[in-house]
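A short write-up of the structure that comes next.
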Amino acid sequence: MTPKSEEYLSLDIQDVADMKLALLPAESSDKESSTMVSSTPHPSRLKYLSLGVLVLQTTSLVLTMRYSRTQKEDGPRYLASSAVVAAEVLKIFTCTFIVFMENKYSLRAMNLLLKEEIVKKPVETMKLAVPAGIYTLQNNLLYVALSNLDAATYQVTYQLKILTTALFSVSMLGKRLGLYQWLSLLSLMAGVTLVQWPTDSTGEQKVLTAGSQVVGVAAVLTACMSSGFAGVYFEKILKETKQSVWVRNIQLGLFSFLLGLLGMMVYDGRSVRQSGMFQGYNAITWTVVVLQAMGGLVVAVVIKYADNILKGFATSVSIIVSTLISYFVLNDFHPTGVFFLGAMLVIAATFLYGYHGKPANGAVKV
């Protein structure tokens, strides 16, 4: 296995928002960032700054989304489907501006590029419809999950995307995992199982009902599956072409916008016609939209200063911060000894998965 391909197996950046990264797939950005770290030294202060930004990015979206879905409102609650559509529009504009910058602020050059890469290559463009549909579903599922699960349980359970991404990488890209990766996946599964282990809490102590817990966990698990498949599929497309990743994300955003708009009209059409697309929006709602749209760009900018250990540490700190805020501020989480044991196993798994030991015997070179 080449060093470059080996980096694709270090996939521990959260796909919040995405839970894909809003503008870069977690899998691709992790590969590129790890490669840059190995070739370019950076001052330690930039690494710690990256750690702070990563923790902030990882936790802020989850906590604000959870708060926005549980706060009491006088009027109707905002539509999750409309927030997904709004985030996609913001992503498209952001990526377009980046392409505009790359073309030295020339509208003519940017228009020619977009026409050449999008309009004149319909087959290549249509390939993005598959991950776009899956990502749109995933983003809606994250709202469902955080409407039914506390932020701490969600954060820990969503780390199963490491497992699904690894399995899809093996099956779709013919990659091999090393011993440390397999051990980390076993630790991950054990940890998530313990986190979801039923407790003997009384009805007054339980914030969430058993039914909502099942809905939330089912949404997270489905999002993990979609994140793994779509991320690997997108990675495969990026590896097969030399097109700019920002142009690819414009294509992805266009399909996501159209599919998200269709889903909004089918699922929430009556509410939209009665009260409008932006019903129930407030400052918190717009913060969620901006964080979901811009999170990936923030990570893409700072991740080049972080290595796998630092990213694992950022994930761990994010889980701890989410747990503390859920308990002390949101007051929707009551931790148990079993939860802490499971969380520690998941945190250990994130570190172990990014550890580069000797590759597995007979590893396939890609």
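Chain lettering (A, B, ...) mirrors the order of the structure tokens, residue numbering begins at 1 for each chain separately, and ligand numbering begins at 1 in order of display.
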Extract, using only C-alpha atoms, all DNA, RNA and protein residues at most 12 Å from Ser271 (chain A), discarding same-chain residues fewer than 3 positions from it, and format them as a ChimeraX atom specification. /A:76-82,264-268,274-280
Put those residues in a file: all heavy atoms, as a short mmCIF file (atom, residue, chain, number, x, y, z; two decimals), in the first residue's frame.
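Below is the file result_6.cif, written as the result:
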```
data_model
loop_
_atom_site.label_atom_id
_atom_site.label_comp_id
_atom_site.auth_asym_id
_atom_site.auth_seq_id
_atom_site.Cartn_x
_atom_site.Cartn_y
_atom_site.Cartn_z
N PRO A 76 -44.66 28.11 15.19
CA PRO A 76 -44.22 26.81 14.65
C PRO A 76 -42.70 26.67 14.66
O PRO A 76 -41.98 27.66 14.52
CB PRO A 76 -44.77 26.83 13.22
CG PRO A 76 -44.87 28.28 12.87
CD PRO A 76 -45.24 28.97 14.15
N ARG A 77 -42.24 25.45 14.84
CA ARG A 77 -40.81 25.18 14.77
C ARG A 77 -40.35 25.22 13.32
O ARG A 77 -41.12 24.86 12.41
CB ARG A 77 -40.51 23.81 15.38
CG ARG A 77 -39.03 23.42 15.33
CD ARG A 77 -38.81 22.01 15.83
NE ARG A 77 -39.14 21.87 17.25
CZ ARG A 77 -39.07 20.73 17.91
NH1 ARG A 77 -38.72 19.62 17.28
NH2 ARG A 77 -39.37 20.68 19.20
N TYR A 78 -39.12 25.64 13.10
CA TYR A 78 -38.62 25.72 11.72
C TYR A 78 -38.56 24.33 11.10
O TYR A 78 -38.41 23.31 11.78
CB TYR A 78 -37.25 26.39 11.68
CG TYR A 78 -36.10 25.54 12.17
CD1 TYR A 78 -35.35 24.76 11.28
CD2 TYR A 78 -35.72 25.53 13.51
CE1 TYR A 78 -34.27 23.99 11.72
CE2 TYR A 78 -34.64 24.78 13.95
CZ TYR A 78 -33.93 24.01 13.05
OH TYR A 78 -32.87 23.24 13.49
N LEU A 79 -38.68 24.28 9.79
CA LEU A 79 -38.68 23.02 9.05
C LEU A 79 -37.24 22.58 8.80
O LEU A 79 -36.44 23.32 8.22
CB LEU A 79 -39.41 23.17 7.72
CG LEU A 79 -40.88 23.64 7.80
CD1 LEU A 79 -41.43 23.87 6.39
CD2 LEU A 79 -41.73 22.64 8.55
N ALA A 80 -36.90 21.37 9.22
CA ALA A 80 -35.55 20.85 9.01
C ALA A 80 -35.24 20.76 7.52
O ALA A 80 -34.12 21.03 7.08
CB ALA A 80 -35.41 19.48 9.66
N SER A 81 -36.23 20.40 6.72
CA SER A 81 -36.03 20.26 5.27
C SER A 81 -35.66 21.60 4.64
O SER A 81 -34.85 21.66 3.72
CB SER A 81 -37.28 19.69 4.61
OG SER A 81 -38.41 20.50 4.87
N SER A 82 -36.25 22.70 5.15
CA SER A 82 -35.93 24.02 4.59
C SER A 82 -34.52 24.44 5.00
O SER A 82 -33.82 25.11 4.25
CB SER A 82 -36.96 25.05 5.05
OG SER A 82 -36.77 25.40 6.41
N MET A 264 -38.55 18.73 0.39
CA MET A 264 -39.25 19.70 1.23
C MET A 264 -40.70 19.87 0.79
O MET A 264 -41.62 19.90 1.61
CB MET A 264 -38.53 21.04 1.20
CG MET A 264 -39.17 22.12 2.07
SD MET A 264 -38.33 23.73 1.95
CE MET A 264 -38.78 24.19 0.26
N MET A 265 -40.92 19.96 -0.53
CA MET A 265 -42.27 20.16 -1.04
C MET A 265 -43.13 18.90 -0.87
O MET A 265 -44.35 19.00 -0.63
CB MET A 265 -42.23 20.57 -2.51
CG MET A 265 -41.54 21.91 -2.76
SD MET A 265 -42.14 23.25 -1.69
CE MET A 265 -43.86 23.33 -2.17
N VAL A 266 -42.51 17.74 -0.95
CA VAL A 266 -43.27 16.49 -0.78
C VAL A 266 -43.61 16.27 0.69
O VAL A 266 -44.74 15.93 1.04
CB VAL A 266 -42.47 15.29 -1.34
CG1 VAL A 266 -43.14 13.97 -0.94
CG2 VAL A 266 -42.35 15.39 -2.85
N TYR A 267 -42.62 16.47 1.56
CA TYR A 267 -42.79 16.14 2.97
C TYR A 267 -43.43 17.29 3.77
O TYR A 267 -44.26 17.06 4.65
CB TYR A 267 -41.42 15.80 3.58
CG TYR A 267 -41.49 15.27 4.99
CD1 TYR A 267 -41.95 13.98 5.25
CD2 TYR A 267 -41.08 16.06 6.07
CE1 TYR A 267 -42.02 13.49 6.54
CE2 TYR A 267 -41.15 15.57 7.37
CZ TYR A 267 -41.62 14.29 7.60
OH TYR A 267 -41.69 13.81 8.88
N ASP A 268 -43.02 18.53 3.46
CA ASP A 268 -43.52 19.68 4.22
C ASP A 268 -44.23 20.69 3.33
O ASP A 268 -44.32 21.87 3.68
CB ASP A 268 -42.36 20.38 4.93
CG ASP A 268 -41.72 19.50 5.99
OD1 ASP A 268 -42.47 18.89 6.78
OD2 ASP A 268 -40.48 19.42 6.03
N GLN A 274 -48.60 27.18 3.69
CA GLN A 274 -49.37 27.91 4.70
C GLN A 274 -48.57 29.03 5.35
O GLN A 274 -49.07 30.14 5.53
CB GLN A 274 -49.87 26.94 5.78
CG GLN A 274 -50.97 26.01 5.30
CD GLN A 274 -51.40 25.03 6.39
OE1 GLN A 274 -50.75 24.90 7.42
NE2 GLN A 274 -52.50 24.32 6.14
N SER A 275 -47.32 28.73 5.74
CA SER A 275 -46.54 29.68 6.54
C SER A 275 -45.22 30.10 5.92
O SER A 275 -44.47 30.87 6.52
CB SER A 275 -46.27 29.10 7.94
OG SER A 275 -47.47 28.71 8.57
N GLY A 276 -44.88 29.56 4.74
CA GLY A 276 -43.65 29.94 4.07
C GLY A 276 -42.48 29.03 4.41
O GLY A 276 -42.50 28.30 5.41
N MET A 277 -41.46 29.10 3.59
CA MET A 277 -40.29 28.24 3.75
C MET A 277 -39.51 28.56 5.01
O MET A 277 -38.94 27.66 5.65
CB MET A 277 -39.38 28.37 2.52
CG MET A 277 -38.09 27.61 2.60
SD MET A 277 -37.09 27.78 1.09
CE MET A 277 -35.54 27.03 1.61
N PHE A 278 -39.49 29.83 5.40
CA PHE A 278 -38.66 30.25 6.53
C PHE A 278 -39.47 30.45 7.81
O PHE A 278 -39.07 31.23 8.68
CB PHE A 278 -37.91 31.53 6.17
CG PHE A 278 -36.99 31.37 4.99
CD1 PHE A 278 -37.29 31.94 3.76
CD2 PHE A 278 -35.83 30.61 5.10
CE1 PHE A 278 -36.44 31.79 2.67
CE2 PHE A 278 -34.98 30.45 4.02
CZ PHE A 278 -35.29 31.03 2.80
N GLN A 279 -40.54 29.73 7.95
CA GLN A 279 -41.34 29.81 9.17
C GLN A 279 -40.51 29.32 10.37
O GLN A 279 -39.76 28.35 10.28
CB GLN A 279 -42.58 28.95 9.05
CG GLN A 279 -42.29 27.48 8.76
CD GLN A 279 -43.56 26.66 8.58
OE1 GLN A 279 -44.22 26.34 9.55
NE2 GLN A 279 -43.89 26.34 7.33
N GLY A 280 -40.65 30.00 11.49
CA GLY A 280 -39.98 29.59 12.71
C GLY A 280 -38.49 29.91 12.77
O GLY A 280 -37.82 29.54 13.74
#
```
Considering only C-alpha atoms, return as a CSV table (one decimal) with N, CA, C and O atoms, in the first residue's frame whatever protein or nucleic-acid residues lie within 7 Å of Leu345 (chain A), sequence-local ones (same chain, fewer than 5 positions apart) excluded.
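Saved file result_7.csv follows:
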```csv
chain,number,residue,atom,x,y,z
A,187,SER,N,-13.3,-2.0,18.9
A,187,SER,CA,-13.5,-1.1,20.1
A,187,SER,C,-14.6,-0.1,19.9
A,187,SER,O,-15.4,0.2,20.8
A,188,LEU,N,-14.7,0.4,18.7
A,188,LEU,CA,-15.8,1.3,18.3
A,188,LEU,C,-17.2,0.7,18.5
A,188,LEU,O,-18.1,1.3,19.1
A,191,GLY,N,-18.0,0.1,22.1
A,191,GLY,CA,-18.3,1.4,22.8
A,191,GLY,C,-19.6,1.9,22.5
A,191,GLY,O,-20.4,2.3,23.4
```
Looking at only C-alpha atoms, which of A:Val346, A:Leu173, A:Leu112, A:Leu160 is the one that sits closest to Glu240 (chain A)? A:Leu173
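Closest to Val53 (chain A) among A:Val130, A:Ile98, A:Ile118, A:Val317 is A:Val317, based on only C-alpha atoms.
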Check which residues of region 191-271 of chain A sit at most 7 Å from region 135-145 of chain A using only C-alpha atoms, and return one row each with the closest pair of atoms and their distance in Å to one decimal, ordered by chain and rising number, as a Markdown table.
```
| residue | atom | partner | partner_atom | distance |
| --- | --- | --- | --- | --- |
| A:Gly216 | CA | A:Ala145 | CA | 4.2 |
| A:Val217 | CA | A:Ala145 | CA | 6.7 |
| A:Ala219 | CA | A:Ala145 | CA | 5.3 |
| A:Val220 | CA | A:Ala145 | CA | 5.8 |
| A:Ala223 | CA | A:Gln138 | CA | 4.9 |
| A:Ser226 | CA | A:Gln138 | CA | 6.3 |
| A:Ala230 | CA | A:Tyr135 | CA | 7.0 |
| A:Ser256 | CA | A:Thr136 | CA | 5.8 |
| A:Gly260 | CA | A:Thr136 | CA | 6.0 |
```
Keeping N, CA, C and O atoms for every residue in the selection just given, could you write it to a file as a short mmCIF file (atom, residue, chain, number, x, y, z; two decimals), in the first residue's frame?
```
data_model
loop_
_atom_site.label_atom_id
_atom_site.label_comp_id
_atom_site.auth_asym_id
_atom_site.auth_seq_id
_atom_site.Cartn_x
_atom_site.Cartn_y
_atom_site.Cartn_z
N GLY A 216 -34.23 8.18 17.11
CA GLY A 216 -32.96 8.88 17.03
C GLY A 216 -31.80 7.98 16.66
O GLY A 216 -30.98 8.32 15.80
N VAL A 217 -31.73 6.81 17.31
CA VAL A 217 -30.64 5.87 17.02
C VAL A 217 -30.76 5.36 15.58
O VAL A 217 -29.75 5.25 14.86
N ALA A 219 -32.02 6.92 13.08
CA ALA A 219 -31.61 8.01 12.18
C ALA A 219 -30.09 8.12 12.13
O ALA A 219 -29.51 8.30 11.04
N VAL A 220 -29.41 8.00 13.28
CA VAL A 220 -27.96 8.08 13.31
C VAL A 220 -27.34 6.92 12.54
O VAL A 220 -26.40 7.11 11.75
N ALA A 223 -27.73 7.46 8.92
CA ALA A 223 -26.82 8.53 8.49
C ALA A 223 -25.39 8.02 8.39
O ALA A 223 -24.64 8.41 7.49
N SER A 226 -25.16 6.04 5.16
CA SER A 226 -25.16 6.93 3.99
C SER A 226 -23.86 7.72 3.91
O SER A 226 -23.33 7.95 2.82
N ALA A 230 -21.62 7.33 0.57
CA ALA A 230 -21.50 8.53 -0.26
C ALA A 230 -20.08 9.07 -0.24
O ALA A 230 -19.58 9.53 -1.27
N SER A 256 -28.05 18.49 -4.78
CA SER A 256 -28.55 18.45 -3.41
C SER A 256 -29.65 19.48 -3.21
O SER A 256 -30.65 19.21 -2.53
N GLY A 260 -33.25 18.34 -2.36
CA GLY A 260 -33.73 18.84 -1.08
C GLY A 260 -35.01 19.65 -1.22
O GLY A 260 -35.92 19.53 -0.39
#
```
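For Ser60 (chain A), the list of residues within 9 Å, based on only C-alpha atoms and with local chain neighbours fewer than 5 positions off taken out, reads Val55, Met65, Val288, Leu291 and Ser322 of chain A.
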Within 12 Å of Lys242 (chain A), counting only C-alpha atoms, which residues show up once you throw out same-chain ones fewer than 6 positions away? Write them as a ChimeraX atom specification, please. /A:117,124,236,248
Could you give me, as a PyMOL selection string, each residue of region 108-354 of chain A that DSSP assigns to helix (DSSP H, G or I) when run on this structure's backbone? chain A and resi 108-119+122-126+129-148+151-173+179-195+210-240+245-275+283-305+308-328+337-353
